[in-house]
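Have a look at the structure below before the remarks.
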Amino acid sequence: MLVDLSSKVIVITGSSRGIGKELALAFSQENSNVVIVCKNCLTSANLLCEEINSRNGNSIVVQANVENKNDVLQLYKMVSNTYGRLDVLINNAGICDDNMLNLMSLKQWESVINTNLTGTFLCSKYLSRIMIRQGYGKIINIASLKGQTGSEGQVNYSASKAGVIGLTKSLAIELGRFGISVNAVCPGFIVTDLNRHDKEKAEIANNNSVMNIGYSLSDTVKFILYMASENLMGTSGQVFNLDSRIR
């Protein structure tokens with residue numbers, strides 16, 4: 001089944017590296033208009049934008065801290081003024097700051113909650129205005145299996161992703177009347193800048209998986225491309241686990 005994403009406007013938060021970068025490249029290869037959103041890694045974001053546009057792609061960079069209301073409003077204005085519409089919002093921006101509960105500072109808790117959960121809330125709140133106005137759109141939230149199972153030493157991260165799942169289901173109910181679908185994806189273990197040096201997590205994921213975890217990134221990108229296309233129009237409020245862990 002062909003995926004036609006040509007001329008679609010796609011906003012991807014946290015897209016200067018990791019999963020977001022791979023998604024930006026994949027959407028650009030499908031001839032989508034890609035809005036690369038970054039907080040601090042402006043050099044990496046600009047290099048990615050140059051790479052995409054050198055291949056006859058169409059991308060722009062917007063520097064925005066997703067936990068900052070004014071930054072998100074500027075992102076909303078940029079997308080609205082540049083394209084006049086928005087087909088897909090992918091809330092991908094996320095951070096980790098691990099520690100055991102009794103050692104975790106309030107700053108560690110708040111920074112992860114603010115980026116992962118509040119950032120998803122703010123981007124959905126303001127960018128969905130474009131979708132409401134046009135009467136259609138898709139919001140895809142990058143959650144985590146840890147939001148379902150919990151994880152030792154990651155109460156902040158697990159709570160933030162559990163919140164994203166709850167937010168997804170509630171937004172689906174609220175926005176469905178406007179023709180907007182809202183779904184979440186929980187990828188399996190993917191090596192990114194968040195966990196690149198954590199061999200223990202990779203070993204645990206390998207031991208608990210019945211398939212090679214090396215497929216996780218490819219599967220996630222392809223699945224999100226499919227979700228963003230018009231091949232999947234009547235599904236909303238769902239959480240998709242892209243993983244093969246059995247325990």
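Ligands are numbered from 1 in the order shown, chains are lettered A, B, ... in the order of the structure tokens, and residues start at 1 in each chain.
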Exercise for the section: Determine, counting only C-alpha atoms, which protein, DNA and RNA residues have an atom within 12 Å of an atom of A:Asp219; residues of the same chain fewer than 5 positions away are not included. Present the result as a list in words. Expected result: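 Surrounding residues, per the criterion: Ile19, Glu22, Leu23, Val185, Cys186, Pro187, Gly188, Phe189, Ile190, Asn212, Ile213, Gly214, Ile224, Leu225, Tyr226, Phe240, Asn241, Leu242, Asp243 and Ser244 of chain A.
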Handout entry: For A:Thr168: contacts at 10 Å, only C-alpha atoms, fewer than 6 positions along chain excluded, given as an MDAnalysis selection string
Key = chainID A and resid 120:121 124 139:143 162 181:184 236:239
Practice task
Compile the contact shell of stretch 5-11 of chain A as an MDAnalysis selection string: residues with an atom at most 8 Å away, counting only C-alpha atoms, same-chain residues fewer than 4 positions apart removed.
Solution key: chainID A and resid 27 30:37 83 85:90 228:229
Include C-alpha atoms and write out the residues we just selected as a short mmCIF file (atom, residue, chain, number, x, y, z; two decimals), in the first residue's frame.
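Dumped to out.cif:
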```cif
data_model
loop_
_atom_site.label_atom_id
_atom_site.label_comp_id
_atom_site.auth_asym_id
_atom_site.auth_seq_id
_atom_site.Cartn_x
_atom_site.Cartn_y
_atom_site.Cartn_z
CA PHE A 27 9.04 12.73 5.81
CA GLU A 30 8.11 11.59 0.99
CA ASN A 31 8.05 15.20 -0.25
CA SER A 32 6.47 16.62 2.87
CA ASN A 33 7.07 20.13 4.19
CA VAL A 34 8.96 19.52 7.43
CA VAL A 35 9.15 21.99 10.31
CA ILE A 36 12.20 21.10 12.40
CA VAL A 37 11.72 22.26 15.99
CA TYR A 83 2.02 27.40 5.35
CA ARG A 85 -2.23 24.88 7.45
CA LEU A 86 -0.91 21.94 9.46
CA ASP A 87 -1.50 18.29 8.59
CA VAL A 88 0.47 16.45 11.29
CA LEU A 89 1.94 17.43 14.65
CA ILE A 90 4.42 14.93 16.11
CA ALA A 228 0.44 10.25 9.18
CA SER A 229 -0.91 9.18 5.81
#
```
Exercise for the section: Could you find all residues in stretch 15-244 of chain A that DSSP calls helix (DSSP H, G or I) from the backbone, and write them as JSON, numbers by chain? Expected result: {"A": [18, 19, 20, 21, 22, 23, 24, 25, 26, 27, 28, 29, 42, 43, 44, 45, 46, 47, 48, 49, 50, 51, 52, 53, 54, 69, 70, 71, 72, 73, 74, 75, 76, 77, 78, 79, 80, 81, 82, 83, 101, 102, 103, 106, 107, 108, 109, 110, 111, 112, 113, 114, 115, 116, 117, 118, 119, 120, 121, 122, 123, 124, 125, 126, 127, 128, 129, 130, 131, 132, 133, 134, 146, 147, 148, 149, 155, 156, 157, 158, 159, 160, 161, 162, 163, 164, 165, 166, 167, 168, 169, 170, 171, 172, 173, 174, 175, 176, 177, 178, 199, 200, 201, 202, 203, 204, 205, 206, 207, 213, 214, 215, 216, 217, 218, 219, 220, 221, 222, 223, 224, 225, 226, 227, 228]}
Handout entry: Nearby residues (only C-alpha atoms) at most 8 Å from stretch 56-70 of chain A, same-chain spacing under 4 positions excluded, as a VMD selection string
Key = chain A and resid 13 28 to 29 31 to 40 42 45 to 46 49 52 74 to 75 78 93 114 to 115 118 to 120 122 to 123
Could those selected residues go to a file with C-alpha atoms, as an mmCIF file, in the first residue's frame?
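Result went into part_34.cif, see below:
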```
data_model
loop_
_atom_site.group_PDB
_atom_site.id
_atom_site.type_symbol
_atom_site.label_atom_id
_atom_site.label_comp_id
_atom_site.auth_asym_id
_atom_site.auth_seq_id
_atom_site.Cartn_x
_atom_site.Cartn_y
_atom_site.Cartn_z
ATOM 1 C CA THR A 13 9.334 18.739 17.966
ATOM 2 C CA SER A 28 11.233 14.877 3.573
ATOM 3 C CA GLN A 29 11.882 11.841 1.371
ATOM 4 C CA ASN A 31 8.052 15.196 -0.254
ATOM 5 C CA SER A 32 6.467 16.620 2.873
ATOM 6 C CA ASN A 33 7.068 20.132 4.189
ATOM 7 C CA VAL A 34 8.962 19.522 7.430
ATOM 8 C CA VAL A 35 9.152 21.993 10.313
ATOM 9 C CA ILE A 36 12.205 21.101 12.395
ATOM 10 C CA VAL A 37 11.720 22.258 15.987
ATOM 11 C CA CYS A 38 14.639 22.404 18.401
ATOM 12 C CA LYS A 39 15.371 23.932 21.787
ATOM 13 C CA ASN A 40 19.157 24.277 21.962
ATOM 14 C CA LEU A 42 20.316 25.004 16.523
ATOM 15 C CA ALA A 45 18.911 21.591 13.246
ATOM 16 C CA ASN A 46 20.263 23.942 10.577
ATOM 17 C CA CYS A 49 17.554 21.537 7.239
ATOM 18 C CA ILE A 52 16.946 18.094 3.416
ATOM 19 C CA GLN A 74 5.730 31.781 18.123
ATOM 20 C CA LEU A 75 5.916 28.292 16.614
ATOM 21 C CA MET A 78 5.384 30.666 12.147
ATOM 22 C CA ALA A 93 10.566 16.336 22.273
ATOM 23 C CA ASN A 114 7.790 20.100 31.940
ATOM 24 C CA THR A 115 9.469 18.982 28.727
ATOM 25 C CA THR A 118 3.733 20.084 29.580
ATOM 26 C CA GLY A 119 5.506 20.493 26.227
ATOM 27 C CA THR A 120 3.136 18.001 24.613
ATOM 28 C CA LEU A 122 1.255 23.260 25.006
ATOM 29 C CA CYS A 123 2.068 22.195 21.446
#
```
Problem - Gap from atom CA of A:Tyr126 to atom CA of A:Leu48 - Å, one decimal - result: 25.3 Å
Problem - Nearest-residue call for A:Ile132, choices A:Ile95, A:Leu175, A:Leu101, A:Leu145, using only C-alpha atoms - result: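 Distance minimum relative to A:Ile132 lands on A:Leu175.
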Exercise for the section: Using only C-alpha atoms, find the one residue out of A:Gly135, A:Val164, A:Ile113, A:Thr149 that sits nearest to A:Asn91. Expected result: A:Val164
Exercise for the section: Tell me which of A:Thr220, A:Lys146, A:Leu127, A:Glu152 sits closest to A:Asp71, counting only C-alpha atoms. Expected result: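 Of all the options, A:Leu127 lies closest to A:Asp71.
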Practice task
List every residue of chain A that DSSP, applied to the backbone, labels as strand (DSSP E), and write the result as JSON, numbers by chain.
Solution key: {"A": [9, 10, 11, 12, 13, 33, 34, 35, 36, 37, 38, 58, 59, 60, 61, 62, 63, 88, 89, 90, 91, 137, 138, 139, 140, 141, 142, 180, 181, 182, 183, 184, 185, 186, 187, 239, 240, 241, 242]}
Could you dump the residues just selected with N, CA and C atoms as an mmCIF file, in the first residue's frame?
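What landed in result-v6.cif:
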```
data_model
loop_
_atom_site.group_PDB
_atom_site.id
_atom_site.type_symbol
_atom_site.label_atom_id
_atom_site.label_comp_id
_atom_site.auth_asym_id
_atom_site.auth_seq_id
_atom_site.Cartn_x
_atom_site.Cartn_y
_atom_site.Cartn_z
ATOM 1 N N VAL A 9 2.145 19.237 5.533
ATOM 2 C CA VAL A 9 2.921 20.050 6.470
ATOM 3 C C VAL A 9 3.042 19.277 7.781
ATOM 4 N N ILE A 10 4.283 18.981 8.152
ATOM 5 C CA ILE A 10 4.555 18.137 9.312
ATOM 6 C C ILE A 10 5.419 18.917 10.299
ATOM 7 N N VAL A 11 4.946 19.086 11.522
ATOM 8 C CA VAL A 11 5.738 19.700 12.590
ATOM 9 C C VAL A 11 6.247 18.592 13.501
ATOM 10 N N ILE A 12 7.566 18.557 13.706
ATOM 11 C CA ILE A 12 8.170 17.531 14.561
ATOM 12 C C ILE A 12 8.989 18.230 15.635
ATOM 13 N N THR A 13 8.556 18.130 16.888
ATOM 14 C CA THR A 13 9.334 18.739 17.966
ATOM 15 C C THR A 13 10.512 17.835 18.327
ATOM 16 N N ASN A 33 6.475 18.907 3.659
ATOM 17 C CA ASN A 33 7.068 20.132 4.189
ATOM 18 C C ASN A 33 7.330 19.905 5.672
ATOM 19 N N VAL A 34 8.595 19.906 6.069
ATOM 20 C CA VAL A 34 8.962 19.522 7.430
ATOM 21 C C VAL A 34 9.402 20.743 8.238
ATOM 22 N N VAL A 35 8.756 20.939 9.382
ATOM 23 C CA VAL A 35 9.152 21.993 10.313
ATOM 24 C C VAL A 35 9.980 21.344 11.415
ATOM 25 N N ILE A 36 11.270 21.634 11.414
ATOM 26 C CA ILE A 36 12.205 21.101 12.395
ATOM 27 C C ILE A 36 12.187 22.010 13.619
ATOM 28 N N VAL A 37 11.813 21.461 14.762
ATOM 29 C CA VAL A 37 11.720 22.258 15.987
ATOM 30 C C VAL A 37 12.788 21.800 16.961
ATOM 31 N N CYS A 38 13.590 22.743 17.442
ATOM 32 C CA CYS A 38 14.639 22.404 18.401
ATOM 33 C C CYS A 38 14.670 23.436 19.513
ATOM 34 N N ASN A 58 11.784 20.372 1.380
ATOM 35 C CA ASN A 58 11.271 21.662 1.848
ATOM 36 C C ASN A 58 11.172 21.620 3.357
ATOM 37 N N SER A 59 12.095 22.283 4.037
ATOM 38 C CA SER A 59 12.065 22.300 5.493
ATOM 39 C C SER A 59 12.473 23.660 6.022
ATOM 40 N N ILE A 60 12.007 23.981 7.196
ATOM 41 C CA ILE A 60 12.423 25.189 7.907
ATOM 42 C C ILE A 60 12.745 24.802 9.342
ATOM 43 N N VAL A 61 13.507 25.651 10.017
ATOM 44 C CA VAL A 61 13.871 25.429 11.415
ATOM 45 C C VAL A 61 13.202 26.483 12.280
ATOM 46 N N VAL A 62 12.617 26.037 13.376
ATOM 47 C CA VAL A 62 12.069 26.960 14.373
ATOM 48 C C VAL A 62 12.674 26.592 15.719
ATOM 49 N N GLN A 63 13.357 27.541 16.336
ATOM 50 C CA GLN A 63 13.910 27.297 17.662
ATOM 51 C C GLN A 63 12.850 27.632 18.700
ATOM 52 N N VAL A 88 0.058 17.384 10.237
ATOM 53 C CA VAL A 88 0.466 16.453 11.287
ATOM 54 C C VAL A 88 1.382 17.146 12.283
ATOM 55 N N LEU A 89 1.067 17.002 13.564
ATOM 56 C CA LEU A 89 1.944 17.427 14.654
ATOM 57 C C LEU A 89 2.476 16.182 15.341
ATOM 58 N N ILE A 90 3.803 16.051 15.404
ATOM 59 C CA ILE A 90 4.418 14.929 16.109
ATOM 60 C C ILE A 90 5.118 15.480 17.345
ATOM 61 N N ASN A 91 4.549 15.199 18.503
ATOM 62 C CA ASN A 91 5.123 15.634 19.774
ATOM 63 C C ASN A 91 6.191 14.629 20.197
ATOM 64 N N GLY A 137 -6.759 17.049 10.769
ATOM 65 C CA GLY A 137 -5.371 17.029 11.226
ATOM 66 C C GLY A 137 -5.089 15.799 12.061
ATOM 67 N N LYS A 138 -3.815 15.580 12.309
ATOM 68 C CA LYS A 138 -3.399 14.436 13.112
ATOM 69 C C LYS A 138 -2.347 14.867 14.129
ATOM 70 N N ILE A 139 -2.514 14.389 15.342
ATOM 71 C CA ILE A 139 -1.510 14.585 16.383
ATOM 72 C C ILE A 139 -0.987 13.210 16.776
ATOM 73 N N ILE A 140 0.325 13.050 16.709
ATOM 74 C CA ILE A 140 0.963 11.789 17.072
ATOM 75 C C ILE A 140 1.940 12.068 18.210
ATOM 76 N N ASN A 141 1.679 11.471 19.352
ATOM 77 C CA ASN A 141 2.506 11.686 20.533
ATOM 78 C C ASN A 141 3.467 10.522 20.733
ATOM 79 N N ILE A 142 4.736 10.835 20.937
ATOM 80 C CA ILE A 142 5.719 9.799 21.219
ATOM 81 C C ILE A 142 5.739 9.558 22.721
ATOM 82 N N ILE A 180 -9.978 15.762 13.951
ATOM 83 C CA ILE A 180 -8.577 15.610 14.354
ATOM 84 C C ILE A 180 -8.404 14.302 15.117
ATOM 85 N N SER A 181 -7.479 13.472 14.654
ATOM 86 C CA SER A 181 -7.170 12.240 15.372
ATOM 87 C C SER A 181 -5.948 12.460 16.261
ATOM 88 N N VAL A 182 -5.936 11.771 17.408
ATOM 89 C CA VAL A 182 -4.815 11.873 18.349
ATOM 90 C C VAL A 182 -4.456 10.462 18.802
ATOM 91 N N ASN A 183 -3.237 10.055 18.526
ATOM 92 C CA ASN A 183 -2.770 8.724 18.908
ATOM 93 C C ASN A 183 -1.372 8.819 19.502
ATOM 94 N N ALA A 184 -0.979 7.771 20.201
ATOM 95 C CA ALA A 184 0.350 7.716 20.806
ATOM 96 C C ALA A 184 1.088 6.477 20.333
ATOM 97 N N VAL A 185 2.399 6.612 20.251
ATOM 98 C CA VAL A 185 3.264 5.499 19.888
ATOM 99 C C VAL A 185 4.253 5.260 21.026
ATOM 100 N N CYS A 186 4.392 4.006 21.421
ATOM 101 C CA CYS A 186 5.372 3.626 22.436
ATOM 102 C C CYS A 186 6.421 2.746 21.770
ATOM 103 N N PRO A 187 7.558 3.333 21.376
ATOM 104 C CA PRO A 187 8.590 2.536 20.703
ATOM 105 C C PRO A 187 9.260 1.553 21.655
ATOM 106 N N VAL A 239 -3.098 3.698 21.688
ATOM 107 C CA VAL A 239 -1.687 3.638 22.061
ATOM 108 C C VAL A 239 -1.086 2.418 21.383
ATOM 109 N N PHE A 240 -0.106 2.640 20.534
ATOM 110 C CA PHE A 240 0.497 1.561 19.752
ATOM 111 C C PHE A 240 1.869 1.209 20.328
ATOM 112 N N ASN A 241 2.016 -0.038 20.776
ATOM 113 C CA ASN A 241 3.283 -0.515 21.311
ATOM 114 C C ASN A 241 4.092 -1.163 20.197
ATOM 115 N N LEU A 242 5.221 -0.562 19.870
ATOM 116 C CA LEU A 242 6.075 -1.085 18.806
ATOM 117 C C LEU A 242 7.265 -1.786 19.452
#
```
Handout entry: Atomic separation - atom CA of A:Thr235 relative to atom CA of A:Leu2, Å
Key = 18.4 Å
Handout entry: Nearest residue to A:Lys125 from the set A:Met233, A:Val155, A:Leu171, A:Cys96 (distances using only C-alpha atoms)
Key =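 Nearest candidate to A:Lys125 out of A:Met233, A:Val155, A:Leu171, A:Cys96: A:Leu171.
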Exercise for the section: Could you check how far atom CA of A:Asn92 sits from atom CA of A:Ser80, in Å to one decimal? Expected result: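 Those two atoms sit 20.0 Å apart.
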